[in-house]
file protein.cif (mmCIF, N, CA and C atoms)
data_protein
loop_
_atom_site.label_atom_id
_atom_site.label_comp_id
_atom_site.auth_asym_id
_atom_site.auth_seq_id
_atom_site.Cartn_x
_atom_site.Cartn_y
_atom_site.Cartn_z
N MET Z 371 44.45 147.83 75.93
CA MET Z 371 43.01 147.62 75.85
C MET Z 371 42.37 147.95 77.19
N CYS Z 372 41.31 148.70 77.15
CA CYS Z 372 40.60 149.11 78.35
C CYS Z 372 39.81 147.93 78.93
N LYS Z 373 39.88 147.77 80.24
CA LYS Z 373 39.18 146.68 80.91
C LYS Z 373 37.91 147.17 81.60
N CYS Z 374 37.31 148.20 81.02
CA CYS Z 374 36.12 148.81 81.63
C CYS Z 374 34.94 147.84 81.68
N ALA Z 375 34.82 146.96 80.71
CA ALA Z 375 33.66 146.07 80.63
C ALA Z 375 33.53 145.21 81.88
N ARG Z 376 34.65 144.73 82.41
CA ARG Z 376 34.61 143.90 83.62
C ARG Z 376 34.04 144.69 84.79
N HIS Z 377 34.48 145.92 84.94
CA HIS Z 377 34.05 146.74 86.07
C HIS Z 377 32.62 147.24 85.88
N ILE Z 378 32.22 147.47 84.65
CA ILE Z 378 30.82 147.83 84.39
C ILE Z 378 29.93 146.63 84.69
N GLY Z 379 30.38 145.43 84.33
CA GLY Z 379 29.62 144.22 84.65
C GLY Z 379 29.46 144.02 86.15
N LEU Z 380 30.53 144.25 86.92
CA LEU Z 380 30.44 144.14 88.37
C LEU Z 380 29.52 145.21 88.95
N LEU Z 381 29.56 146.41 88.37
CA LEU Z 381 28.65 147.47 88.81
C LEU Z 381 27.20 147.07 88.58
N LEU Z 382 26.90 146.54 87.40
CA LEU Z 382 25.53 146.10 87.11
C LEU Z 382 25.10 144.98 88.05
N LEU Z 383 25.99 144.04 88.31
CA LEU Z 383 25.68 142.94 89.25
C LEU Z 383 25.41 143.50 90.65
N ARG Z 384 26.29 144.39 91.12
CA ARG Z 384 26.13 144.96 92.46
C ARG Z 384 24.82 145.72 92.60
N VAL Z 385 24.56 146.62 91.66
CA VAL Z 385 23.37 147.47 91.76
C VAL Z 385 22.09 146.65 91.59
N GLY Z 386 22.09 145.76 90.62
CA GLY Z 386 20.90 144.93 90.40
C GLY Z 386 20.60 144.00 91.55
N LEU Z 387 21.62 143.28 92.00
CA LEU Z 387 21.44 142.33 93.09
C LEU Z 387 21.10 143.03 94.40
N GLY Z 388 21.84 144.10 94.70
CA GLY Z 388 21.55 144.85 95.92
C GLY Z 388 20.17 145.46 95.90
N GLY Z 389 19.75 145.97 94.75
CA GLY Z 389 18.41 146.55 94.64
C GLY Z 389 17.30 145.54 94.84
N MET Z 390 17.51 144.33 94.31
CA MET Z 390 16.48 143.30 94.47
C MET Z 390 16.35 142.86 95.92
N VAL Z 391 17.45 142.81 96.65
CA VAL Z 391 17.37 142.42 98.06
C VAL Z 391 16.88 143.59 98.91
N LEU Z 392 17.25 144.81 98.53
CA LEU Z 392 16.81 145.99 99.27
C LEU Z 392 15.28 146.10 99.31
N VAL Z 393 14.64 145.68 98.24
CA VAL Z 393 13.17 145.70 98.18
C VAL Z 393 12.58 144.82 99.28
N HIS Z 394 13.27 143.76 99.66
CA HIS Z 394 12.80 142.90 100.75
C HIS Z 394 13.21 143.42 102.12
N GLY Z 395 14.32 144.14 102.16
CA GLY Z 395 14.82 144.64 103.45
C GLY Z 395 14.07 145.86 103.96
N TYR Z 396 13.60 146.71 103.05
CA TYR Z 396 12.93 147.94 103.47
C TYR Z 396 11.66 147.69 104.28
N PRO Z 397 10.76 146.79 103.86
CA PRO Z 397 9.58 146.52 104.71
C PRO Z 397 9.96 145.95 106.08
N LYS Z 398 11.04 145.19 106.13
CA LYS Z 398 11.49 144.65 107.42
C LYS Z 398 12.02 145.76 108.31
N LEU Z 399 12.69 146.75 107.71
CA LEU Z 399 13.14 147.91 108.48
C LEU Z 399 11.95 148.66 109.06
N LEU Z 400 10.90 148.85 108.26
CA LEU Z 400 9.70 149.52 108.75
C LEU Z 400 9.02 148.72 109.87
N GLU Z 401 9.03 147.40 109.73
CA GLU Z 401 8.46 146.53 110.76
C GLU Z 401 9.23 146.67 112.07
N LEU Z 402 10.55 146.72 111.95
CA LEU Z 402 11.40 146.88 113.13
C LEU Z 402 11.17 148.26 113.76
N ALA Z 403 11.08 149.30 112.94
CA ALA Z 403 10.85 150.66 113.45
C ALA Z 403 9.50 150.80 114.13
N ALA Z 404 8.52 150.00 113.68
CA ALA Z 404 7.19 150.04 114.29
C ALA Z 404 7.12 149.23 115.57
N GLY Z 405 8.20 148.57 115.93
CA GLY Z 405 8.23 147.81 117.17
C GLY Z 405 7.56 146.46 117.10
N ARG Z 406 7.48 145.89 115.91
CA ARG Z 406 6.84 144.58 115.75
C ARG Z 406 7.86 143.47 115.63
N GLY Z 407 9.01 143.62 116.27
CA GLY Z 407 10.05 142.60 116.20
C GLY Z 407 9.70 141.32 116.92
N GLY Z 408 8.81 141.40 117.91
CA GLY Z 408 8.43 140.22 118.66
C GLY Z 408 7.61 139.23 117.86
N ASP Z 409 7.06 139.69 116.73
CA ASP Z 409 6.26 138.81 115.87
C ASP Z 409 7.11 138.10 114.83
N TRP Z 410 8.37 138.40 114.77
CA TRP Z 410 9.26 137.86 113.75
C TRP Z 410 9.65 136.42 114.09
N MET Z 411 9.99 135.63 113.08
CA MET Z 411 10.43 134.25 113.31
C MET Z 411 11.80 134.23 113.98
N ASP Z 412 12.12 133.14 114.62
CA ASP Z 412 13.38 133.01 115.35
C ASP Z 412 14.09 131.74 114.90
N PRO Z 413 14.70 131.75 113.70
CA PRO Z 413 15.27 130.51 113.16
C PRO Z 413 16.52 130.03 113.87
N LEU Z 414 17.24 130.91 114.54
CA LEU Z 414 18.51 130.52 115.17
C LEU Z 414 18.44 130.47 116.70
N GLY Z 415 17.28 130.75 117.25
CA GLY Z 415 17.12 130.72 118.70
C GLY Z 415 17.74 131.93 119.39
N LEU Z 416 17.86 133.05 118.70
CA LEU Z 416 18.45 134.26 119.27
C LEU Z 416 17.41 135.25 119.77
N GLY Z 417 16.16 134.92 119.59
CA GLY Z 417 15.07 135.82 119.92
C GLY Z 417 14.53 136.47 118.66
N PRO Z 418 13.22 136.66 118.60
CA PRO Z 418 12.63 137.19 117.36
C PRO Z 418 13.08 138.62 117.02
N THR Z 419 13.20 139.48 118.01
CA THR Z 419 13.60 140.87 117.71
C THR Z 419 15.03 140.92 117.22
N PHE Z 420 15.93 140.21 117.87
CA PHE Z 420 17.33 140.20 117.43
C PHE Z 420 17.47 139.55 116.06
N SER Z 421 16.69 138.53 115.78
CA SER Z 421 16.70 137.91 114.45
C SER Z 421 16.26 138.91 113.38
N LEU Z 422 15.26 139.72 113.70
CA LEU Z 422 14.81 140.74 112.76
C LEU Z 422 15.88 141.82 112.58
N VAL Z 423 16.56 142.20 113.65
CA VAL Z 423 17.64 143.18 113.55
C VAL Z 423 18.74 142.67 112.63
N LEU Z 424 19.12 141.41 112.78
CA LEU Z 424 20.15 140.82 111.91
C LEU Z 424 19.68 140.79 110.45
N CYS Z 425 18.43 140.45 110.25
CA CYS Z 425 17.88 140.39 108.89
C CYS Z 425 17.83 141.78 108.26
N VAL Z 426 17.43 142.78 109.02
CA VAL Z 426 17.39 144.16 108.51
C VAL Z 426 18.80 144.65 108.21
N PHE Z 427 19.74 144.35 109.09
CA PHE Z 427 21.14 144.75 108.84
C PHE Z 427 21.63 144.16 107.53
N ALA Z 428 21.36 142.87 107.31
CA ALA Z 428 21.82 142.22 106.09
C ALA Z 428 21.07 142.74 104.87
N GLU Z 429 19.75 142.65 104.90
CA GLU Z 429 18.96 142.90 103.69
C GLU Z 429 18.78 144.38 103.37
N PHE Z 430 18.94 145.26 104.33
CA PHE Z 430 18.80 146.68 104.03
C PHE Z 430 20.17 147.36 103.97
N PHE Z 431 20.90 147.35 105.08
CA PHE Z 431 22.14 148.12 105.14
C PHE Z 431 23.26 147.49 104.30
N CYS Z 432 23.39 146.17 104.35
CA CYS Z 432 24.42 145.53 103.53
C CYS Z 432 24.07 145.60 102.04
N SER Z 433 22.80 145.58 101.71
CA SER Z 433 22.40 145.75 100.31
C SER Z 433 22.78 147.14 99.80
N LEU Z 434 22.58 148.16 100.64
CA LEU Z 434 23.01 149.51 100.26
C LEU Z 434 24.52 149.57 100.06
N ALA Z 435 25.25 148.90 100.94
CA ALA Z 435 26.71 148.89 100.82
C ALA Z 435 27.15 148.19 99.53
N VAL Z 436 26.52 147.08 99.21
CA VAL Z 436 26.85 146.37 97.97
C VAL Z 436 26.54 147.25 96.77
N MET Z 437 25.40 147.91 96.77
CA MET Z 437 25.03 148.76 95.65
C MET Z 437 26.03 149.90 95.47
N ALA Z 438 26.49 150.47 96.56
CA ALA Z 438 27.42 151.60 96.51
C ALA Z 438 28.86 151.16 96.29
N GLY Z 439 29.14 149.88 96.43
CA GLY Z 439 30.50 149.40 96.30
C GLY Z 439 31.34 149.74 97.52
N PHE Z 440 30.71 149.81 98.68
CA PHE Z 440 31.39 150.12 99.93
C PHE Z 440 31.55 148.84 100.74
N MET Z 441 32.80 148.44 100.95
CA MET Z 441 33.11 147.19 101.67
C MET Z 441 32.31 146.03 101.07
N THR Z 442 32.40 145.90 99.77
CA THR Z 442 31.56 144.97 99.02
C THR Z 442 31.75 143.53 99.48
N ARG Z 443 32.99 143.11 99.65
CA ARG Z 443 33.22 141.71 100.05
C ARG Z 443 32.59 141.40 101.40
N ALA Z 444 32.78 142.28 102.38
CA ALA Z 444 32.22 142.04 103.71
C ALA Z 444 30.69 142.06 103.68
N ALA Z 445 30.12 143.04 102.97
CA ALA Z 445 28.66 143.13 102.89
C ALA Z 445 28.08 141.93 102.15
N ALA Z 446 28.75 141.50 101.08
CA ALA Z 446 28.26 140.32 100.34
C ALA Z 446 28.38 139.06 101.19
N LEU Z 447 29.39 138.99 102.03
CA LEU Z 447 29.53 137.83 102.93
C LEU Z 447 28.38 137.79 103.93
N VAL Z 448 28.04 138.94 104.50
CA VAL Z 448 26.90 139.00 105.44
C VAL Z 448 25.61 138.59 104.74
N LEU Z 449 25.41 139.08 103.52
CA LEU Z 449 24.20 138.71 102.77
C LEU Z 449 24.22 137.23 102.41
N GLY Z 450 25.38 136.68 102.09
CA GLY Z 450 25.48 135.25 101.82
C GLY Z 450 25.11 134.42 103.03
N ILE Z 451 25.57 134.84 104.20
CA ILE Z 451 25.20 134.14 105.44
C ILE Z 451 23.70 134.24 105.67
N ASN Z 452 23.13 135.41 105.42
CA ASN Z 452 21.68 135.59 105.55
C ASN Z 452 20.92 134.60 104.66
N PHE Z 453 21.38 134.45 103.41
CA PHE Z 453 20.69 133.54 102.50
C PHE Z 453 20.96 132.07 102.86
N CYS Z 454 22.09 131.78 103.48
CA CYS Z 454 22.31 130.41 103.99
C CYS Z 454 21.30 130.09 105.09
N VAL Z 455 21.07 131.05 105.97
CA VAL Z 455 20.07 130.85 107.03
C VAL Z 455 18.69 130.61 106.42
N ILE Z 456 18.35 131.41 105.42
CA ILE Z 456 17.05 131.23 104.74
C ILE Z 456 16.99 129.84 104.11
N LEU Z 457 18.08 129.45 103.45
CA LEU Z 457 18.11 128.17 102.74
C LEU Z 457 17.91 126.99 103.68
N PHE Z 458 18.56 127.03 104.84
CA PHE Z 458 18.54 125.87 105.72
C PHE Z 458 17.46 125.90 106.79
N THR Z 459 16.73 127.01 106.94
CA THR Z 459 15.72 127.04 107.99
C THR Z 459 14.29 127.12 107.46
N GLN Z 460 14.12 127.51 106.21
CA GLN Z 460 12.77 127.64 105.67
C GLN Z 460 12.34 126.34 104.99
N ASP Z 461 11.05 126.09 105.01
CA ASP Z 461 10.49 124.92 104.34
C ASP Z 461 10.40 125.21 102.85
N MET Z 462 11.32 124.65 102.10
CA MET Z 462 11.36 124.91 100.66
C MET Z 462 10.61 123.86 99.86
N ALA Z 463 10.13 122.81 100.51
CA ALA Z 463 9.45 121.74 99.79
C ALA Z 463 8.16 122.23 99.13
N SER Z 464 7.51 123.19 99.78
CA SER Z 464 6.25 123.67 99.23
C SER Z 464 6.46 124.66 98.08
N ALA Z 465 7.66 125.21 97.96
CA ALA Z 465 7.92 126.20 96.89
C ALA Z 465 9.32 125.98 96.31
N PRO Z 466 9.47 125.03 95.38
CA PRO Z 466 10.80 124.77 94.82
C PRO Z 466 11.39 125.97 94.07
N ALA Z 467 10.54 126.82 93.50
CA ALA Z 467 11.05 128.01 92.80
C ALA Z 467 11.72 128.97 93.78
N LEU Z 468 11.19 129.05 95.00
CA LEU Z 468 11.80 129.88 96.03
C LEU Z 468 13.18 129.34 96.40
N HIS Z 469 13.28 128.03 96.47
CA HIS Z 469 14.57 127.38 96.76
C HIS Z 469 15.60 127.77 95.71
N GLU Z 470 15.22 127.74 94.44
CA GLU Z 470 16.13 128.10 93.36
C GLU Z 470 16.52 129.57 93.45
N LEU Z 471 15.59 130.44 93.80
CA LEU Z 471 15.88 131.86 93.91
C LEU Z 471 16.87 132.13 95.04
N VAL Z 472 16.68 131.48 96.17
CA VAL Z 472 17.60 131.64 97.29
C VAL Z 472 19.00 131.16 96.90
N LEU Z 473 19.08 130.03 96.20
CA LEU Z 473 20.38 129.54 95.74
C LEU Z 473 21.03 130.50 94.74
N LEU Z 474 20.22 131.11 93.89
CA LEU Z 474 20.75 132.07 92.93
C LEU Z 474 21.32 133.30 93.64
N TYR Z 475 20.59 133.83 94.60
CA TYR Z 475 21.12 134.95 95.40
C TYR Z 475 22.42 134.55 96.09
N LEU Z 476 22.43 133.38 96.68
CA LEU Z 476 23.61 132.91 97.40
C LEU Z 476 24.81 132.80 96.46
N LEU Z 477 24.60 132.27 95.28
CA LEU Z 477 25.67 132.13 94.29
C LEU Z 477 26.20 133.50 93.85
N CYS Z 478 25.31 134.44 93.62
CA CYS Z 478 25.73 135.79 93.20
C CYS Z 478 26.51 136.49 94.30
N PHE Z 479 26.07 136.37 95.53
CA PHE Z 479 26.82 137.00 96.62
C PHE Z 479 28.16 136.30 96.85
N ALA Z 480 28.22 135.00 96.64
CA ALA Z 480 29.51 134.30 96.73
C ALA Z 480 30.47 134.80 95.65
N ALA Z 481 29.94 135.07 94.46
CA ALA Z 481 30.78 135.61 93.39
C ALA Z 481 31.32 136.99 93.77
N LEU Z 482 30.49 137.83 94.39
CA LEU Z 482 30.95 139.14 94.81
C LEU Z 482 31.97 139.06 95.94
N VAL Z 483 31.85 138.06 96.81
CA VAL Z 483 32.86 137.86 97.84
C VAL Z 483 34.20 137.53 97.19
N CYS Z 484 34.17 136.72 96.13
CA CYS Z 484 35.40 136.33 95.44
C CYS Z 484 36.00 137.46 94.61
N THR Z 485 35.17 138.21 93.91
CA THR Z 485 35.68 139.22 92.98
C THR Z 485 35.82 140.60 93.58
N GLY Z 486 35.04 140.91 94.59
CA GLY Z 486 34.98 142.28 95.08
C GLY Z 486 34.03 143.07 94.20
N GLY Z 487 33.94 144.35 94.46
CA GLY Z 487 32.97 145.18 93.77
C GLY Z 487 33.48 145.83 92.49
N GLY Z 488 34.74 145.67 92.18
CA GLY Z 488 35.30 146.32 91.00
C GLY Z 488 35.71 147.75 91.31
N ARG Z 489 36.17 148.43 90.28
CA ARG Z 489 36.70 149.78 90.47
C ARG Z 489 35.64 150.87 90.50
N LEU Z 490 34.43 150.56 90.13
CA LEU Z 490 33.38 151.58 90.07
C LEU Z 490 32.54 151.55 91.34
N GLY Z 491 33.13 151.93 92.45
CA GLY Z 491 32.43 151.92 93.71
C GLY Z 491 33.07 152.89 94.70
N LEU Z 492 32.45 153.03 95.85
CA LEU Z 492 32.96 153.95 96.87
C LEU Z 492 34.32 153.53 97.40
N ASP Z 493 34.60 152.25 97.48
CA ASP Z 493 35.91 151.81 97.96
C ASP Z 493 37.03 152.43 97.14
N ARG Z 494 36.84 152.46 95.85
CA ARG Z 494 37.86 153.02 94.95
C ARG Z 494 38.05 154.51 95.22
N LEU Z 495 36.95 155.23 95.42
CA LEU Z 495 37.04 156.66 95.67
C LEU Z 495 37.62 156.99 97.04
N LEU Z 496 37.26 156.21 98.03
CA LEU Z 496 37.68 156.51 99.40
C LEU Z 496 39.08 156.01 99.74
N PHE Z 497 39.45 154.87 99.19
CA PHE Z 497 40.68 154.23 99.64
C PHE Z 497 41.78 154.16 98.59
N ARG Z 498 41.55 154.66 97.36
CA ARG Z 498 42.57 154.59 96.32
C ARG Z 498 42.69 155.92 95.58
N PRO Z 499 43.17 156.96 96.25
CA PRO Z 499 43.32 158.23 95.56
C PRO Z 499 44.52 158.20 94.61
N GLY Z 500 44.63 159.22 93.78
CA GLY Z 500 45.78 159.32 92.87
C GLY Z 500 45.55 158.60 91.57
N MET Z 501 44.63 159.07 90.77
CA MET Z 501 44.29 158.39 89.52
C MET Z 501 44.84 159.15 88.31
N GLN Z 502 45.99 159.87 88.44
CA GLN Z 502 46.53 160.64 87.33
C GLN Z 502 46.95 159.73 86.19
N GLY Z 503 46.62 160.14 84.96
CA GLY Z 503 47.01 159.38 83.78
C GLY Z 503 46.25 158.09 83.58
N LYS Z 504 45.12 157.97 84.22
CA LYS Z 504 44.34 156.74 84.11
C LYS Z 504 42.94 157.05 83.64
N CYS Z 505 42.27 156.03 83.14
CA CYS Z 505 40.90 156.16 82.65
C CYS Z 505 40.00 156.65 83.79
N CYS Z 506 39.21 157.68 83.54
CA CYS Z 506 38.36 158.24 84.59
C CYS Z 506 37.23 157.28 84.97
N LEU Z 507 36.91 156.34 84.09
CA LEU Z 507 35.82 155.42 84.37
C LEU Z 507 36.27 154.28 85.27
N CYS Z 508 37.36 153.62 84.90
CA CYS Z 508 37.74 152.44 85.68
C CYS Z 508 39.16 152.48 86.24
N GLY Z 509 39.98 153.41 85.81
CA GLY Z 509 41.31 153.51 86.37
C GLY Z 509 42.38 152.77 85.60
N CYS Z 510 42.05 152.15 84.47
CA CYS Z 510 43.08 151.46 83.69
C CYS Z 510 43.95 152.49 82.96
N ALA Z 511 45.15 152.11 82.57
CA ALA Z 511 46.06 153.03 81.89
C ALA Z 511 45.45 153.48 80.57
N THR Z 512 45.54 154.77 80.29
CA THR Z 512 44.95 155.29 79.06
C THR Z 512 45.95 155.32 77.92
N ARG Z 513 47.25 155.30 78.22
CA ARG Z 513 48.26 155.32 77.18
C ARG Z 513 49.16 154.11 77.29
N ARG Z 514 49.49 153.58 76.13
CA ARG Z 514 50.43 152.45 76.10
C ARG Z 514 51.85 152.98 76.17
N LYS Z 515 52.68 152.31 76.91
CA LYS Z 515 54.08 152.70 77.01
C LYS Z 515 54.85 152.09 75.86
N GLY Z 516 55.83 152.86 75.36
CA GLY Z 516 56.75 152.37 74.35
C GLY Z 516 56.12 152.27 73.04
#
call {"tool": "encode", "arguments": {"input": "protein.cif", "output": "structure tokens"}}
result
Amino acid sequence: MCKCARHIGLLLLRVGLGGMVLVHGYPKLLELAAGRGGDWMDPLGLGPTFSLVLCVFAEFFCSLAVMAGFMTRAAALVLGINFCVILFTQDMASAPALHELVLLYLLCFAALVCTGGGRLGLDRLLFRPGMQGKCCLCGCATRRKG
């Protein structure tokens, strides 16, 4: 039996989740490129510009990596840490729905840290050559033995 459904599900999770976070990371990248890092918040005491650099790295570049399936576990871990910072430093009392959304993102990235990105990603293409006799979609065996 082909196990493609699991890997298609992970692909949908990666692309959907990464795309939703990328929408938030792109304006921050533009803000950083415009030199407005000094206006950014400093939740960890590292300086506003460096805090913005860390946020852009997580929300833009790591989101792209998650979407592409490149180093998915590491990128999802960075994004999970980013959402932990958001969870514990922002005032969520005024917007409980925002609190739930941050927890949902955190839970999804934790799941990707545990499962990895699946077989439908760049990691599979770059680091696992030799797919002879296997399903071209996910790499499972196409013929039963015996």
call {"tool": "axis_aligned_box", "arguments": {"input": "protein.cif", "around": "range 435-444 of chain Z", "padding_each_side": "4 Å", "output": "AutoDock Vina command-line options"}}
result
--center_x 29.1 --center_y 146.5 --center_z 99.6 --size_x 16.2 --size_y 18.2 --size_z 16.2
call {"tool": "residues_around", "arguments": {"input": "protein.cif", "residues": "Leu387 in chain Z", "least_positions_apart": "5", "cutoff": "9 Å", "atoms": "only C-alpha atoms", "output": "PyMOL selection string"}}
result
chain Z and resi 382+392+433+436-437+475+478-479
call {"tool": "closest_atom_pairs", "arguments": {"input": "protein.cif", "of": "range 396-454 of chain Z", "to": "range 488-492 of chain Z", "cutoff": "8 Å", "atoms": "all atoms listed in the file", "output": "CSV"}}
result
residue,atom,partner,partner_atom,distance
Z:Met437,C,Z:Gly491,CA,6.9
Z:Ala438,C,Z:Leu492,N,4.1
Z:Gly439,C,Z:Leu492,N,3.9
Z:Phe440,N,Z:Leu492,N,4.6
Z:Met441,N,Z:Leu492,C,6.4
Z:Thr442,CA,Z:Gly488,N,7.6
call {"tool": "atom_distance", "arguments": {"input": "protein.cif", "atom1": "CA of Leu381 in chain Z", "atom2": "CA of Gly487 in chain Z"}}
result
7.0 Å
call {"tool": "select_by_dssp", "arguments": {"input": "protein.cif", "residues": "range 372-490 of chain Z", "states": "helix (DSSP H, G or I)", "output": "number ranges by chain"}}
result
Z: 374-403, 407-409, 418-438, 442-459, 466-485
call {"tool": "resolve_selection", "arguments": {"input": "protein.cif", "expression": "the PyMOL selection byres (((chain Z and resi 395 and name CA) around 9) and name CA)", "output": "list in words"}}
result
Val391, Leu392, Val393, His394, Tyr396, Pro397, Lys398, Leu399, Leu400, Cys425, Val426, Phe427, Ala428, Glu429, Phe430, Phe431 and Ser433 of chain Z
call {"tool": "atom_distance", "arguments": {"input": "protein.cif", "atom1": "atom C of Gly486 in chain Z", "atom2": "atom C of Gly379 in chain Z"}}
result
9.3 Å
call {"tool": "closest_residue", "arguments": {"input": "protein.cif", "among": "Z:Leu402, Z:Ala480, Z:Leu380, Z:Ala446", "to": "Pro418 in chain Z", "atoms": "only C-alpha atoms"}}
result
Z:Leu402
call {"tool": "atom_distance", "arguments": {"input": "protein.cif", "atom1": "atom N of Leu477 in chain Z", "atom2": "atom C of Gln460 in chain Z"}}
result
16.7 Å
